[in-house]
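Listing of target_25.pdb, PDB, C-alpha atoms and all ligand atoms
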MODEL        1
ATOM      1  CA  MET A1403     -36.338  21.030  -7.845
ATOM      2  CA  ARG A1404     -38.097  22.547  -4.826
ATOM      3  CA  PRO A1405     -41.361  24.217  -5.842
ATOM      4  CA  ASP A1406     -40.481  27.577  -4.207
ATOM      5  CA  LEU A1407     -37.151  27.689  -6.044
ATOM      6  CA  ALA A1408     -38.647  26.604  -9.384
ATOM      7  CA  GLU A1409     -41.312  29.285  -9.009
ATOM      8  CA  ALA A1410     -38.722  31.988  -8.283
ATOM      9  CA  LEU A1411     -36.549  30.919 -11.225
ATOM     10  CA  LYS A1412     -39.382  30.768 -13.738
ATOM     11  CA  PRO A1413     -39.292  34.430 -14.883
ATOM     12  CA  PHE A1414     -35.536  34.092 -15.480
ATOM     13  CA  ARG A1415     -36.022  31.074 -17.723
ATOM     14  CA  GLU A1416     -38.842  32.731 -19.607
ATOM     15  CA  ASP A1417     -36.839  35.883 -20.379
ATOM     16  CA  PRO A1418     -33.141  34.994 -20.244
ATOM     17  CA  ALA A1419     -32.040  37.995 -22.356
ATOM     18  CA  GLY A1420     -33.492  40.381 -19.777
ATOM     19  CA  SER A1421     -31.987  38.487 -16.857
ATOM     20  CA  VAL A1422     -28.617  38.732 -15.124
ATOM     21  CA  LEU A1423     -27.032  35.845 -13.199
ATOM     22  CA  LEU A1424     -24.341  36.631 -10.632
ATOM     23  CA  PHE A1425     -22.439  34.122  -8.533
ATOM     24  CA  ASP A1426     -19.850  34.106  -5.811
ATOM     25  CA  LEU A1427     -17.031  31.601  -6.432
ATOM     26  CA  ASP A1428     -15.745  29.773  -3.303
ATOM     27  CA  GLY A1429     -18.484  27.929  -1.456
ATOM     28  CA  THR A1430     -20.958  28.700  -4.256
ATOM     29  CA  LEU A1431     -19.662  27.581  -7.677
ATOM     30  CA  SER A1432     -16.968  25.474  -6.002
ATOM     31  CA  PRO A1433     -16.960  23.661  -2.654
ATOM     32  CA  ILE A1434     -15.027  25.072   0.330
ATOM     33  CA  VAL A1435     -11.547  23.482   0.473
ATOM     34  CA  PRO A1436      -8.889  23.396   3.231
ATOM     35  CA  HIS A1437      -6.520  25.748   1.355
ATOM     36  CA  PRO A1438      -7.575  28.470  -1.142
ATOM     37  CA  ARG A1439      -5.130  27.111  -3.726
ATOM     38  CA  GLN A1440      -7.007  23.787  -3.862
ATOM     39  CA  SER A1441     -10.216  25.340  -5.185
ATOM     40  CA  ARG A1442     -11.611  23.910  -8.441
ATOM     41  CA  VAL A1443     -14.685  24.542 -10.570
ATOM     42  CA  SER A1444     -16.116  21.286 -11.923
ATOM     43  CA  SER A1445     -16.384  20.697 -15.667
ATOM     44  CA  ARG A1446     -20.179  20.394 -15.288
ATOM     45  CA  ILE A1447     -20.457  23.853 -13.672
ATOM     46  CA  ARG A1448     -18.123  25.271 -16.313
ATOM     47  CA  SER A1449     -20.175  23.888 -19.180
ATOM     48  CA  LEU A1450     -23.449  25.035 -17.591
ATOM     49  CA  LEU A1451     -22.035  28.561 -17.193
ATOM     50  CA  ARG A1452     -20.846  28.523 -20.798
ATOM     51  CA  GLY A1453     -24.363  27.739 -21.967
ATOM     52  CA  LEU A1454     -25.917  30.378 -19.694
ATOM     53  CA  CYS A1455     -23.538  33.036 -21.089
ATOM     54  CA  GLU A1456     -25.000  32.465 -24.533
ATOM     55  CA  SER A1457     -28.645  33.010 -23.634
ATOM     56  CA  TYR A1458     -28.714  35.290 -20.567
ATOM     57  CA  GLY A1459     -28.271  39.068 -20.592
ATOM     58  CA  LYS A1460     -25.179  38.868 -18.420
ATOM     59  CA  VAL A1461     -23.396  36.236 -16.340
ATOM     60  CA  GLY A1462     -20.881  37.320 -13.716
ATOM     61  CA  VAL A1463     -18.658  35.846 -11.025
ATOM     62  CA  ILE A1464     -18.035  38.126  -8.039
ATOM     63  CA  SER A1465     -15.209  36.954  -5.790
ATOM     64  CA  GLY A1466     -12.842  38.025  -3.049
ATOM     65  CA  ARG A1467     -10.012  36.580  -5.120
ATOM     66  CA  PRO A1468      -8.134  38.730  -7.625
ATOM     67  CA  ALA A1469     -10.143  39.092 -10.856
ATOM     68  CA  ARG A1470      -7.542  37.344 -13.061
ATOM     69  CA  GLU A1471      -7.383  34.395 -10.666
ATOM     70  CA  THR A1472     -11.191  34.206 -10.587
ATOM     71  CA  GLN A1473     -11.270  34.262 -14.383
ATOM     72  CA  SER A1474      -8.719  31.470 -14.712
ATOM     73  CA  LEU A1475     -10.408  29.291 -12.053
ATOM     74  CA  VAL A1476     -13.823  29.601 -13.723
ATOM     75  CA  GLY A1477     -12.490  29.634 -17.265
ATOM     76  CA  VAL A1478     -15.633  30.714 -19.075
ATOM     77  CA  GLU A1479     -15.351  33.231 -21.880
ATOM     78  CA  GLY A1480     -18.074  35.846 -22.091
ATOM     79  CA  ALA A1481     -18.628  36.087 -18.328
ATOM     80  CA  VAL A1482     -17.835  39.208 -16.311
ATOM     81  CA  TYR A1483     -15.347  38.737 -13.480
ATOM     82  CA  VAL A1484     -15.313  40.982 -10.437
ATOM     83  CA  GLY A1485     -12.399  40.422  -8.060
ATOM     84  CA  GLN A1486     -11.130  41.581  -4.666
ATOM     85  CA  HIS A1487     -14.663  42.178  -3.325
ATOM     86  CA  GLY A1488     -15.486  44.678  -6.065
ATOM     87  CA  MET A1489     -12.184  46.442  -6.557
ATOM     88  CA  GLU A1490     -11.345  44.813  -9.907
ATOM     89  CA  GLU A1491     -13.478  43.987 -12.907
ATOM     90  CA  ILE A1492     -12.792  42.126 -16.135
ATOM     91  CA  GLU A1493     -15.306  42.468 -18.927
ATOM     92  CA  GLY A1494     -13.917  41.195 -22.223
ATOM     93  CA  GLU A1495     -10.127  41.433 -22.042
ATOM     94  CA  ARG A1496      -9.711  44.602 -20.039
ATOM     95  CA  LEU A1497      -8.972  44.684 -16.301
ATOM     96  CA  ARG A1498     -10.356  47.749 -14.562
ATOM     97  CA  ARG A1499      -9.343  48.706 -11.034
ATOM     98  CA  GLU A1500     -11.230  50.986  -8.670
ATOM     99  CA  ALA A1501      -9.341  54.185  -7.809
ATOM    100  CA  PRO A1502      -9.326  53.693  -3.988
ATOM    101  CA  ALA A1503      -7.573  50.379  -4.504
ATOM    102  CA  ARG A1504      -4.398  52.013  -5.795
ATOM    103  CA  THR A1505      -3.806  54.068  -2.653
ATOM    104  CA  VAL A1506      -3.634  51.126  -0.246
ATOM    105  CA  SER A1507      -0.860  49.067  -1.864
ATOM    106  CA  PRO A1508       1.980  50.511   0.283
ATOM    107  CA  ALA A1509       0.074  49.764   3.501
ATOM    108  CA  ILE A1510      -0.689  46.214   2.354
ATOM    109  CA  ALA A1511       2.939  45.643   1.363
ATOM    110  CA  ARG A1512       4.217  46.882   4.726
ATOM    111  CA  LEU A1513       1.750  44.765   6.734
ATOM    112  CA  PHE A1514       2.560  41.676   4.705
ATOM    113  CA  ARG A1515       6.296  42.177   5.256
ATOM    114  CA  THR A1516       5.957  42.748   8.997
ATOM    115  CA  TRP A1517       3.532  39.911   9.621
ATOM    116  CA  SER A1518       5.451  37.428   7.461
ATOM    117  CA  SER A1519       8.444  37.796   9.765
ATOM    118  CA  ASN A1520       6.336  37.782  12.948
ATOM    119  CA  ARG A1521       7.330  34.780  15.042
ATOM    120  CA  GLN A1522       3.797  34.215  16.429
ATOM    121  CA  VAL A1523       2.323  34.259  12.926
ATOM    122  CA  GLN A1524       4.843  31.639  11.858
ATOM    123  CA  ASP A1525       4.313  29.482  14.964
ATOM    124  CA  THR A1526       0.514  29.406  14.724
ATOM    125  CA  GLY A1527       0.648  28.793  10.978
ATOM    126  CA  LEU A1528      -1.557  31.676   9.870
ATOM    127  CA  TYR A1529      -1.657  31.817   6.068
ATOM    128  CA  LEU A1530      -1.123  35.354   4.758
ATOM    129  CA  GLU A1531      -2.415  35.933   1.244
ATOM    130  CA  ASN A1532      -1.008  39.116  -0.300
ATOM    131  CA  LYS A1533      -3.344  40.242  -3.074
ATOM    132  CA  GLY A1534      -1.536  43.536  -3.683
ATOM    133  CA  ILE A1535      -4.518  45.729  -2.823
ATOM    134  CA  ALA A1536      -5.814  43.487  -0.039
ATOM    135  CA  LEU A1537      -4.340  41.156   2.561
ATOM    136  CA  ALA A1538      -6.178  38.040   3.684
ATOM    137  CA  VAL A1539      -5.311  36.323   6.949
ATOM    138  CA  HIS A1540      -6.534  32.718   6.815
ATOM    139  CA  TYR A1541      -6.789  30.830  10.105
ATOM    140  CA  ARG A1542      -8.534  27.678   8.817
ATOM    141  CA  ARG A1543      -5.463  25.514   9.313
ATOM    142  CA  ALA A1544      -3.814  27.491  12.110
ATOM    143  CA  ALA A1545      -2.907  26.114  15.551
ATOM    144  CA  PRO A1546      -5.131  27.013  18.547
ATOM    145  CA  GLY A1547      -4.905  30.740  19.192
ATOM    146  CA  GLY A1548      -4.569  31.472  15.492
ATOM    147  CA  GLU A1549      -7.942  33.173  15.198
ATOM    148  CA  GLU A1550      -7.280  35.401  18.248
ATOM    149  CA  LEU A1551      -3.881  36.380  16.882
ATOM    150  CA  ALA A1552      -5.410  37.170  13.470
ATOM    151  CA  ARG A1553      -8.091  39.361  15.091
ATOM    152  CA  ARG A1554      -5.540  41.210  17.208
ATOM    153  CA  LEU A1555      -3.247  41.935  14.244
ATOM    154  CA  VAL A1556      -6.110  43.081  12.048
ATOM    155  CA  SER A1557      -7.560  45.359  14.758
ATOM    156  CA  GLN A1558      -4.169  47.011  15.211
ATOM    157  CA  ALA A1559      -3.801  47.466  11.452
ATOM    158  CA  LEU A1560      -7.223  49.153  11.239
ATOM    159  CA  LEU A1561      -6.102  51.700  13.834
ATOM    160  CA  ALA A1562      -2.810  52.330  12.053
ATOM    161  CA  TYR A1563      -4.266  52.522   8.537
ATOM    162  CA  PRO A1564      -7.682  54.249   8.516
ATOM    163  CA  GLN A1565      -7.900  53.835   4.723
ATOM    164  CA  LEU A1566      -8.346  50.088   5.256
ATOM    165  CA  SER A1567     -11.463  48.215   6.304
ATOM    166  CA  MET A1568     -11.998  44.631   7.404
ATOM    167  CA  GLN A1569     -14.069  42.037   5.600
ATOM    168  CA  GLU A1570     -14.718  38.851   7.518
ATOM    169  CA  GLY A1571     -15.348  35.533   5.776
ATOM    170  CA  LYS A1572     -15.232  31.830   6.470
ATOM    171  CA  LYS A1573     -12.078  31.360   8.606
ATOM    172  CA  VAL A1574     -10.527  34.469   7.080
ATOM    173  CA  LEU A1575     -10.117  38.142   7.955
ATOM    174  CA  GLU A1576      -9.302  40.439   5.089
ATOM    175  CA  LEU A1577      -7.956  43.980   5.019
ATOM    176  CA  LYS A1578      -9.072  45.952   1.968
ATOM    177  CA  PRO A1579      -9.814  49.542   0.878
ATOM    178  CA  GLY A1580     -12.816  50.941   2.704
ATOM    179  CA  GLU A1581     -14.965  52.273  -0.121
ATOM    180  CA  THR A1582     -15.771  49.171  -2.120
ATOM    181  CA  ASP A1583     -17.494  45.857  -1.525
ATOM    182  CA  LYS A1584     -19.422  43.294  -3.554
ATOM    183  CA  GLY A1585     -22.495  45.499  -3.214
ATOM    184  CA  THR A1586     -20.947  48.532  -4.879
ATOM    185  CA  ALA A1587     -19.673  46.265  -7.676
ATOM    186  CA  VAL A1588     -23.070  44.663  -8.271
ATOM    187  CA  TYR A1589     -24.788  48.052  -8.224
ATOM    188  CA  ARG A1590     -22.344  49.353 -10.839
ATOM    189  CA  LEU A1591     -22.869  46.273 -13.041
ATOM    190  CA  LEU A1592     -26.647  46.586 -13.030
ATOM    191  CA  SER A1593     -27.624  50.194 -12.494
ATOM    192  CA  GLY A1594     -29.024  51.898 -15.575
ATOM    193  CA  ARG A1595     -28.347  48.933 -17.840
ATOM    194  CA  GLY A1596     -31.989  48.190 -18.554
ATOM    195  CA  PHE A1597     -32.103  44.607 -17.300
ATOM    196  CA  ALA A1598     -35.429  43.365 -15.961
ATOM    197  CA  ARG A1599     -34.184  41.067 -13.234
ATOM    198  CA  ALA A1600     -31.097  39.734 -11.497
ATOM    199  CA  LEU A1601     -30.145  36.764  -9.382
ATOM    200  CA  TYR A1602     -27.222  36.641  -6.961
ATOM    201  CA  ALA A1603     -26.012  33.495  -5.186
ATOM    202  CA  GLY A1604     -23.403  33.532  -2.424
ATOM    203  CA  ASP A1605     -22.420  31.778   0.786
ATOM    204  CA  ASP A1606     -20.532  34.254   2.953
ATOM    205  CA  LEU A1607     -20.795  37.531   4.892
ATOM    206  CA  THR A1608     -19.291  39.556   2.030
ATOM    207  CA  ASP A1609     -22.183  38.434  -0.201
ATOM    208  CA  ILE A1610     -24.719  40.199   2.016
ATOM    209  CA  HIS A1611     -23.614  43.523   0.446
ATOM    210  CA  ALA A1612     -24.559  42.113  -2.968
ATOM    211  CA  PHE A1613     -27.958  40.930  -1.705
ATOM    212  CA  GLN A1614     -28.584  44.410  -0.326
ATOM    213  CA  SER A1615     -27.675  46.074  -3.629
ATOM    214  CA  LEU A1616     -30.141  43.899  -5.498
ATOM    215  CA  GLU A1617     -32.888  44.774  -3.020
ATOM    216  CA  ARG A1618     -31.961  48.441  -3.352
ATOM    217  CA  LEU A1619     -32.155  48.265  -7.158
ATOM    218  CA  ALA A1620     -35.570  46.622  -6.877
ATOM    219  CA  GLY A1621     -36.720  49.332  -4.463
ATOM    220  CA  GLU A1622     -35.519  52.088  -6.794
ATOM    221  CA  GLY A1623     -37.218  50.513  -9.809
ATOM    222  CA  GLY A1624     -33.868  49.709 -11.453
ATOM    223  CA  LEU A1625     -34.894  46.054 -11.584
ATOM    224  CA  ILE A1626     -38.373  44.540 -11.726
ATOM    225  CA  GLU A1627     -37.474  41.329  -9.954
ATOM    226  CA  VAL A1628     -34.579  40.122  -7.853
ATOM    227  CA  LEU A1629     -33.693  36.757  -6.406
ATOM    228  CA  THR A1630     -31.034  36.323  -3.725
ATOM    229  CA  LEU A1631     -29.820  32.842  -2.845
ATOM    230  CA  ALA A1632     -27.790  31.914   0.233
ATOM    231  CA  VAL A1633     -25.748  28.797  -0.490
ATOM    232  CA  GLY A1634     -25.783  26.723   2.669
ATOM    233  CA  GLY A1635     -23.335  24.356   4.239
ATOM    234  CA  GLU A1636     -22.138  23.677   7.745
ATOM    235  CA  GLU A1637     -20.278  26.994   7.970
ATOM    236  CA  LEU A1638     -23.190  29.201   6.865
ATOM    237  CA  HIS A1639     -23.482  32.319   9.029
ATOM    238  CA  PRO A1640     -27.136  32.844  10.026
ATOM    239  CA  GLU A1641     -26.913  36.486   8.871
ATOM    240  CA  VAL A1642     -26.313  35.298   5.290
ATOM    241  CA  ALA A1643     -29.429  33.127   5.297
ATOM    242  CA  GLN A1644     -31.457  35.931   6.877
ATOM    243  CA  ALA A1645     -30.385  38.409   4.186
ATOM    244  CA  ALA A1646     -31.318  36.106   1.274
ATOM    245  CA  ARG A1647     -34.759  35.312  -0.094
ATOM    246  CA  ILE A1648     -34.073  31.574  -0.428
ATOM    247  CA  THR A1649     -31.435  29.370   1.216
ATOM    248  CA  LEU A1650     -30.069  26.433  -0.761
ATOM    249  CA  SER A1651     -28.671  23.324   0.952
ATOM    250  CA  GLY A1652     -25.218  23.738  -0.622
ATOM    251  CA  PRO A1653     -23.207  23.993  -3.855
ATOM    252  CA  GLU A1654     -24.969  20.816  -5.165
ATOM    253  CA  GLU A1655     -28.342  22.552  -5.098
ATOM    254  CA  LEU A1656     -26.775  25.578  -6.775
ATOM    255  CA  GLU A1657     -25.597  23.247  -9.561
ATOM    256  CA  GLU A1658     -29.167  22.009  -9.897
ATOM    257  CA  THR A1659     -30.285  25.632 -10.078
ATOM    258  CA  LEU A1660     -27.858  26.333 -12.935
ATOM    259  CA  ALA A1661     -29.130  23.280 -14.806
ATOM    260  CA  TYR A1662     -32.713  24.441 -14.338
ATOM    261  CA  LEU A1663     -31.851  27.937 -15.578
ATOM    262  CA  ALA A1664     -30.237  26.287 -18.603
ATOM    263  CA  GLY A1665     -33.456  24.388 -19.276
ATOM    264  CA  GLN A1666     -31.960  20.993 -18.391
ATOM    265  CA  ASP A1667     -34.605  19.909 -15.882
ATOM    266  CA  HIS A1668     -36.336  17.552 -18.331
ATOM    267  CA  PRO A1669     -33.796  14.818 -19.096
TER     268      PRO A1669
HETATM  269 MG    MG A1701     -17.898  32.377  -0.976
ENDMDL
END

Mind turning this structure into structure tokens?
Amino acid sequence: MRPDLAEALKPFREDPAGSVLLFDLDGTLSPIVPHPRQSRVSSRIRSLLRGLCESYGKVGVISGRPARETQSLVGVEGAVYVGQHGMEEIEGERLRREAPARTVSPAIARLFRTWSSNRQVQDTGLYLENKGIALAVHYRRAAPGGEELARRLVSQALLAYPQLSMQEGKKVLELKPGETDKGTAVYRLLSGRGFARALYAGDDLTDIHAFQSLERLAGEGGLIEVLTLAVGGEELHPEVAQAARITLSGPEELEETLAYLAGQDHP
């Protein structure tokens, strides 16, 4: 364990009940994979999270995926699951959906229908992921020109549907309701709850909103301490590293961090 990281994690270990641990899913708790459907959370990560849920004040997974899908991929009872970049939340059994989310479904449905039958979309092999209240356009496995086509379609959609906004991620452009992001979700989870400190780990542009919310809560006195971790890898945007207090080398170092938080650093 790096000394700077161990030092930053120490207050969390010493007062787990007053500490909140929040994690992004893809690229953080699980490695980046060629297709979103191939994503898996290892049994080690799952068992570490299970243990952390028992001692820490709150453990949450904040993803761009739908909340139910996030919950089933992680598979840990007792954790909070926030999906669709903050638009859905599962705490216990109940799924809660943000109000703005409900108004965009017709636009998303229409765009998905039109783009699915678009010849250029088919030829370049863009993968359209219809999440009901958001539409992700993945160009990771597309033919050359796929990214440009994705950007053009999304720009046109933003002009046609002002209620939508764009969230960019690793080889993906996503249309979603404008009012929510991971930052608003994290703020809602933590504000006024009386926790002393919170940690957030993430690897992508959408996670910057969550980092900012933690810093804001610290500035307002809503939290005494915050720790933001950028999870590195070859696709790390420099803005993500700049927004975080510490940058980890990748999901392996995040796993080490979980083990340390669980008190497993002395074998
Ligand atoms: Mg991610």

For this session: Apply the PyMOL selection byres (((chain A and resi 1478) around 12) and not hetatm) to the structure shown and report the selected residues as a VMD selection string.
Result: chain A and resid 1443 to 1456 1461 to 1463 1472 to 1477 1479 to 1483 1493 to 1494

For the residues selected in the previous step, produce a file with C-alpha atoms as an mmCIF file, in the frame of the given file.
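Once everything was written out, this is out.cif:
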data_model
loop_
_atom_site.group_PDB
_atom_site.id
_atom_site.type_symbol
_atom_site.label_atom_id
_atom_site.label_comp_id
_atom_site.auth_asym_id
_atom_site.auth_seq_id
_atom_site.Cartn_x
_atom_site.Cartn_y
_atom_site.Cartn_z
ATOM 1 C CA VAL A 1443 -14.685 24.542 -10.570
ATOM 2 C CA SER A 1444 -16.116 21.286 -11.923
ATOM 3 C CA SER A 1445 -16.384 20.697 -15.667
ATOM 4 C CA ARG A 1446 -20.179 20.394 -15.288
ATOM 5 C CA ILE A 1447 -20.457 23.853 -13.672
ATOM 6 C CA ARG A 1448 -18.123 25.271 -16.313
ATOM 7 C CA SER A 1449 -20.175 23.888 -19.180
ATOM 8 C CA LEU A 1450 -23.449 25.035 -17.591
ATOM 9 C CA LEU A 1451 -22.035 28.561 -17.193
ATOM 10 C CA ARG A 1452 -20.846 28.523 -20.798
ATOM 11 C CA GLY A 1453 -24.363 27.739 -21.967
ATOM 12 C CA LEU A 1454 -25.917 30.378 -19.694
ATOM 13 C CA CYS A 1455 -23.538 33.036 -21.089
ATOM 14 C CA GLU A 1456 -25.000 32.465 -24.533
ATOM 15 C CA VAL A 1461 -23.396 36.236 -16.340
ATOM 16 C CA GLY A 1462 -20.881 37.320 -13.716
ATOM 17 C CA VAL A 1463 -18.658 35.846 -11.025
ATOM 18 C CA THR A 1472 -11.191 34.206 -10.587
ATOM 19 C CA GLN A 1473 -11.270 34.262 -14.383
ATOM 20 C CA SER A 1474 -8.719 31.470 -14.712
ATOM 21 C CA LEU A 1475 -10.408 29.291 -12.053
ATOM 22 C CA VAL A 1476 -13.823 29.601 -13.723
ATOM 23 C CA GLY A 1477 -12.490 29.634 -17.265
ATOM 24 C CA GLU A 1479 -15.351 33.231 -21.880
ATOM 25 C CA GLY A 1480 -18.074 35.846 -22.091
ATOM 26 C CA ALA A 1481 -18.628 36.087 -18.328
ATOM 27 C CA VAL A 1482 -17.835 39.208 -16.311
ATOM 28 C CA TYR A 1483 -15.347 38.737 -13.480
ATOM 29 C CA GLU A 1493 -15.306 42.468 -18.927
ATOM 30 C CA GLY A 1494 -13.917 41.195 -22.223
#

For this session: Mind giving me the straight-line distance from CA of Glu1570 (chain A) to CA of His1437 (chain A) in Å, one decimal?
Result: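 For CA of Glu1570 (chain A) relative to CA of His1437 (chain A), the distance reads 16.6 Å.
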
Exercise. Quick one: of A:Val1633, A:Ala1545, A:Leu1528, A:Leu1561, who's nearest to ligand MG 1701 (chain A), counting only C-alpha atoms and all ligand atoms?
Worked result: A:Val1633

Exercise. Between A:Glu1617, A:Asp1606, A:Asp1406, A:Glu1636, which has the minimum distance to ligand MG 1701 (chain A) (counting all atoms listed in the file)?
Worked result: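 Of A:Glu1617, A:Asp1606, A:Asp1406, A:Glu1636, the one nearest ligand MG 1701 (chain A) is A:Asp1606, counting all atoms listed in the file.
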
For this session: Can you work out the spacing between CA of Arg1618 (chain A) and CA of Thr1582 (chain A) in Å, to one decimal?
Result: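 About the pair CA of Arg1618 (chain A) and CA of Thr1582 (chain A): they are 16.3 Å apart.
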
As AutoDock Vina command-line options, please report the centre and edge lengths, rounded to one decimal in Å, of the axis-aligned box that holds all listed atoms of region 1581-1595 of chain A with 4 Å of padding on each of the six sides.
--center_x -22.0 --center_y 47.8 --center_z -9.0 --size_x 22.1 --size_y 17.0 --size_z 25.7
